[in-house]
file protein_25.cif (mmCIF, C-alpha atoms)
data_start
loop_
_atom_site.group_PDB
_atom_site.id
_atom_site.type_symbol
_atom_site.label_atom_id
_atom_site.label_comp_id
_atom_site.auth_asym_id
_atom_site.auth_seq_id
_atom_site.Cartn_x
_atom_site.Cartn_y
_atom_site.Cartn_z
ATOM 1 C CA MET A 88 0.803 -20.754 7.865
ATOM 2 C CA ARG A 89 -1.137 -23.613 9.479
ATOM 3 C CA GLY A 90 -3.379 -23.680 6.435
ATOM 4 C CA LEU A 91 -0.400 -24.244 4.139
ATOM 5 C CA VAL A 92 0.901 -27.070 6.326
ATOM 6 C CA ARG A 93 -2.533 -28.645 6.409
ATOM 7 C CA LEU A 94 -2.812 -28.322 2.633
ATOM 8 C CA GLY A 95 0.139 -30.665 2.074
ATOM 9 C CA ALA A 96 3.238 -30.692 -0.078
ATOM 10 C CA SER A 97 1.518 -32.299 -3.065
ATOM 11 C CA ALA A 98 -1.151 -29.585 -3.188
ATOM 12 C CA LEU A 99 1.513 -26.877 -2.933
ATOM 13 C CA LEU A 100 3.393 -28.572 -5.764
ATOM 14 C CA LEU A 101 0.187 -28.502 -7.829
ATOM 15 C CA LEU A 102 -0.190 -24.773 -7.139
ATOM 16 C CA ALA A 103 3.423 -24.196 -8.201
ATOM 17 C CA MET A 104 2.850 -26.197 -11.385
ATOM 18 C CA MET A 105 -0.283 -24.154 -12.144
ATOM 19 C CA PHE A 106 1.698 -20.943 -11.620
ATOM 20 C CA VAL A 107 4.553 -22.038 -13.892
ATOM 21 C CA GLY A 108 2.074 -23.255 -16.518
ATOM 22 C CA SER A 109 0.146 -19.999 -16.470
ATOM 23 C CA LEU A 110 3.364 -17.967 -16.707
ATOM 24 C CA GLY A 111 4.234 -20.096 -19.697
ATOM 25 C CA LEU A 112 0.847 -19.269 -21.140
ATOM 26 C CA TRP A 113 1.373 -15.502 -20.747
ATOM 27 C CA ILE A 114 5.113 -15.259 -21.463
ATOM 28 C CA GLY A 115 6.516 -18.479 -22.881
ATOM 29 C CA VAL A 116 3.961 -19.136 -25.622
ATOM 30 C CA PRO A 117 4.067 -15.652 -27.218
ATOM 31 C CA VAL A 118 7.852 -15.362 -26.982
ATOM 32 C CA ALA A 119 8.412 -18.860 -28.387
ATOM 33 C CA TRP A 120 6.074 -18.303 -31.324
ATOM 34 C CA LEU A 121 7.533 -14.869 -32.082
ATOM 35 C CA TRP A 122 10.956 -16.503 -32.209
ATOM 36 C CA ILE A 123 9.654 -19.293 -34.463
ATOM 37 C CA ALA A 124 7.960 -16.698 -36.692
ATOM 38 C CA SER A 125 11.214 -14.767 -36.969
ATOM 39 C CA ARG A 126 12.987 -17.950 -38.111
ATOM 40 C CA ILE A 127 10.249 -18.603 -40.686
ATOM 41 C CA GLN A 128 10.406 -15.007 -41.934
ATOM 42 C CA ALA A 129 14.209 -15.163 -42.207
ATOM 43 C CA ALA A 130 14.056 -18.434 -44.149
ATOM 44 C CA THR A 131 11.182 -17.561 -46.492
ATOM 45 C CA SER A 132 11.232 -13.737 -46.587
ATOM 46 C CA SER A 133 7.466 -13.940 -46.165
ATOM 47 C CA LEU A 134 6.032 -11.942 -43.311
ATOM 48 C CA GLY A 135 2.569 -13.352 -44.013
ATOM 49 C CA ALA A 136 3.727 -16.944 -43.652
ATOM 50 C CA ALA A 137 5.571 -16.113 -40.453
ATOM 51 C CA MET A 138 2.601 -14.316 -38.915
ATOM 52 C CA GLY A 139 0.207 -17.044 -40.037
ATOM 53 C CA ALA A 140 2.383 -19.738 -38.475
ATOM 54 C CA ALA A 141 2.691 -17.742 -35.261
ATOM 55 C CA PHE A 142 -1.060 -17.139 -35.079
ATOM 56 C CA VAL A 143 -1.947 -20.791 -35.632
ATOM 57 C CA GLY A 144 0.878 -21.931 -33.342
ATOM 58 C CA VAL A 145 -0.235 -19.696 -30.485
ATOM 59 C CA LEU A 146 -3.829 -20.887 -30.806
ATOM 60 C CA VAL A 147 -2.837 -24.569 -30.877
ATOM 61 C CA THR A 148 -0.420 -24.188 -27.962
ATOM 62 C CA ILE A 149 -2.997 -22.351 -25.849
ATOM 63 C CA ALA A 150 -5.617 -24.959 -26.747
ATOM 64 C CA ALA A 151 -3.220 -27.647 -25.496
ATOM 65 C CA THR A 152 -2.214 -25.757 -22.329
ATOM 66 C CA ILE A 153 -5.690 -24.897 -21.036
ATOM 67 C CA PRO A 154 -6.784 -28.527 -20.512
ATOM 68 C CA LEU A 155 -3.530 -29.168 -18.655
ATOM 69 C CA LEU A 156 -4.172 -26.240 -16.307
ATOM 70 C CA SER A 157 -7.762 -27.413 -15.823
ATOM 71 C CA TRP A 158 -6.538 -30.899 -14.946
ATOM 72 C CA LEU A 159 -4.101 -29.440 -12.398
ATOM 73 C CA SER A 160 -6.953 -27.409 -10.897
ATOM 74 C CA ARG A 161 -9.209 -30.454 -10.608
ATOM 75 C CA THR A 162 -6.391 -32.458 -9.022
ATOM 76 C CA TYR A 163 -5.750 -29.636 -6.547
ATOM 77 C CA ARG A 164 -9.452 -29.578 -5.642
ATOM 78 C CA ARG A 165 -9.416 -33.341 -5.044
ATOM 79 C CA GLN A 166 -6.359 -32.898 -2.787
ATOM 80 C CA ARG A 167 -8.208 -30.300 -0.714
ATOM 81 C CA ILE A 168 -11.287 -32.481 -0.373
ATOM 82 C CA ALA A 169 -9.159 -35.518 0.560
ATOM 83 C CA ARG A 170 -7.564 -33.494 3.376
ATOM 84 C CA GLY A 171 -10.970 -32.465 4.710
ATOM 85 C CA LEU A 172 -10.772 -28.856 3.487
ATOM 86 C CA ASP A 173 -13.551 -26.960 1.742
ATOM 87 C CA ASP A 174 -13.898 -27.229 -2.015
ATOM 88 C CA THR A 175 -13.202 -23.722 -3.285
ATOM 89 C CA GLY A 176 -14.011 -24.534 -6.897
ATOM 90 C CA ASN A 177 -11.645 -23.032 -9.423
ATOM 91 C CA LEU A 178 -10.602 -20.207 -7.096
ATOM 92 C CA ALA A 179 -6.988 -21.389 -6.900
ATOM 93 C CA LEU A 180 -6.621 -21.492 -10.685
ATOM 94 C CA GLU A 181 -8.292 -18.094 -11.020
ATOM 95 C CA ILE A 182 -5.933 -16.550 -8.453
ATOM 96 C CA VAL A 183 -2.916 -18.157 -10.110
ATOM 97 C CA MET A 184 -3.971 -16.926 -13.570
ATOM 98 C CA VAL A 185 -4.636 -13.355 -12.422
ATOM 99 C CA THR A 186 -1.403 -13.200 -10.414
ATOM 100 C CA SER A 187 0.691 -14.600 -13.266
ATOM 101 C CA ALA A 188 -0.969 -12.230 -15.764
ATOM 102 C CA GLY A 189 -0.192 -9.275 -13.502
ATOM 103 C CA LEU A 190 3.403 -10.443 -13.123
ATOM 104 C CA ALA A 191 3.738 -10.931 -16.885
ATOM 105 C CA LEU A 192 2.350 -7.444 -17.493
ATOM 106 C CA ALA A 193 4.756 -5.928 -14.961
ATOM 107 C CA VAL A 194 7.736 -7.740 -16.490
ATOM 108 C CA PHE A 195 6.723 -6.725 -20.007
ATOM 109 C CA SER A 196 6.192 -3.099 -18.944
ATOM 110 C CA ALA A 197 9.578 -2.987 -17.218
ATOM 111 C CA TRP A 198 11.274 -4.420 -20.286
ATOM 112 C CA PHE A 199 9.410 -2.149 -22.692
ATOM 113 C CA PHE A 200 10.013 1.109 -20.843
ATOM 114 C CA LEU A 201 13.422 0.411 -19.298
ATOM 115 C CA PHE A 202 15.298 -1.865 -21.686
ATOM 116 C CA SER A 203 13.758 -1.710 -25.173
ATOM 117 C CA GLY A 204 14.582 1.949 -25.746
ATOM 118 C CA ALA A 205 10.939 3.002 -25.985
ATOM 119 C CA SER A 206 10.060 6.448 -24.758
ATOM 120 C CA LEU A 207 7.517 7.042 -22.012
ATOM 121 C CA PHE A 208 6.198 9.979 -24.025
ATOM 122 C CA PRO A 209 6.591 9.067 -27.730
ATOM 123 C CA LEU A 210 5.133 12.299 -29.089
ATOM 124 C CA LEU A 211 7.631 14.408 -27.120
ATOM 125 C CA SER A 212 10.741 12.467 -28.150
ATOM 126 C CA GLY A 213 11.243 14.164 -31.494
#

call {"tool": "encode", "arguments": {"input": "protein_25.cif", "output": "structure tokens"}}
result
Amino acid sequence: MRGLVRLGASALLLLAMMFVGSLGLWIGVPVAWLWIASRIQAATSSLGAAMGAAFVGVLVTIAATIPLLSWLSRTYRRQRIARGLDDTGNLALEIVMVTSAGLALAVFSAWFFLFSGASLFPLLSG
């Protein structure tokens, strides 16, 4: 707990922003572009156009999000150094990305198996 106090509110805010940004990367970007693709498919009746737009959109959005997360990581590292703490490199960003990916996977799995109507054993659900 002393380590968190010593880290400072601004560094904790940066960690929270990295976590929200990485959750957006794992959950928000795919869901948003699937929704946009569904609107395109409904308007044009072209699945190819919808999937193409979603593919390009996801790539562009990820390409725009990664530099933002890198900037937050660099700013967090500067905060640590300014407070006299060790420079841990990109460890904070790596932990945030892995944790948010695990959380996104758990949420998706819960939705898929509990709420979407999918069967745990598809071959046995004749």

call {"tool": "residues_around", "arguments": {"input": "protein_25.cif", "residues": "Arg167 in chain A", "least_positions_apart": "3", "cutoff": "12 Å", "atoms": "all atoms listed in the file", "output": "list in words"}}
result
Gly90, Leu91, Val92, Arg93, Leu94, Gly95, Ala96, Ser97, Ala98, Leu99, Leu101, Leu102, Ser160, Arg161, Thr162, Tyr163, Arg164, Arg170, Gly171, Leu172, Asp173, Asp174, Thr175, Gly176, Asn177 and Ala179 of chain A

call {"tool": "resolve_selection", "arguments": {"input": "protein_25.cif", "expression": "the PyMOL selection byres ((chain A and resi 184) around 10)", "output": "list in words"}}
result
Met105, Phe106, Val107, Gly108, Ser109, Leu110, Leu112, Trp113, Leu156, Leu178, Ala179, Leu180, Glu181, Ile182, Val183, Val185, Thr186, Ser187, Ala188, Gly189 and Leu190 of chain A

call {"tool": "residues_around", "arguments": {"input": "protein_25.cif", "residues": "Ala136 in chain A", "least_positions_apart": "4", "cutoff": "12 Å", "atoms": "only C-alpha atoms", "output": "list in words"}}
result
Ile123, Ala124, Ser125, Arg126, Ile127, Gln128, Ala129, Ala130, Thr131, Ser132, Ala140, Ala141, Phe142, Val143 and Gly144 of chain A

call {"tool": "closest_residue", "arguments": {"input": "protein_25.cif", "among": "A:Ala137, A:Leu207, A:Gly111, A:Phe199", "to": "Ile153 in chain A", "atoms": "all atoms listed in the file"}}
result
A:Gly111

call {"tool": "atom_distance", "arguments": {"input": "protein_25.cif", "atom1": "CA of Val116 in chain A", "atom2": "CA of Trp158 in chain A"}}
result
19.0 Å

call {"tool": "atom_distance", "arguments": {"input": "protein_25.cif", "atom1": "CA of Ile114 in chain A", "atom2": "CA of Val147 in chain A"}}
result
15.4 Å

call {"tool": "atom_distance", "arguments": {"input": "protein_25.cif", "atom1": "CA of Trp198 in chain A", "atom2": "CA of Met138 in chain A"}}
result
22.8 Å

call {"tool": "axis_aligned_box", "arguments": {"input": "protein_25.cif", "around": "range 99-118 of chain A", "padding_each_side": "5 Å", "output": "AutoDock Vina command-line options"}}
result
--center_x 3.8 --center_y -21.9 --center_z -15.1 --size_x 18.1 --size_y 23.3 --size_z 34.3
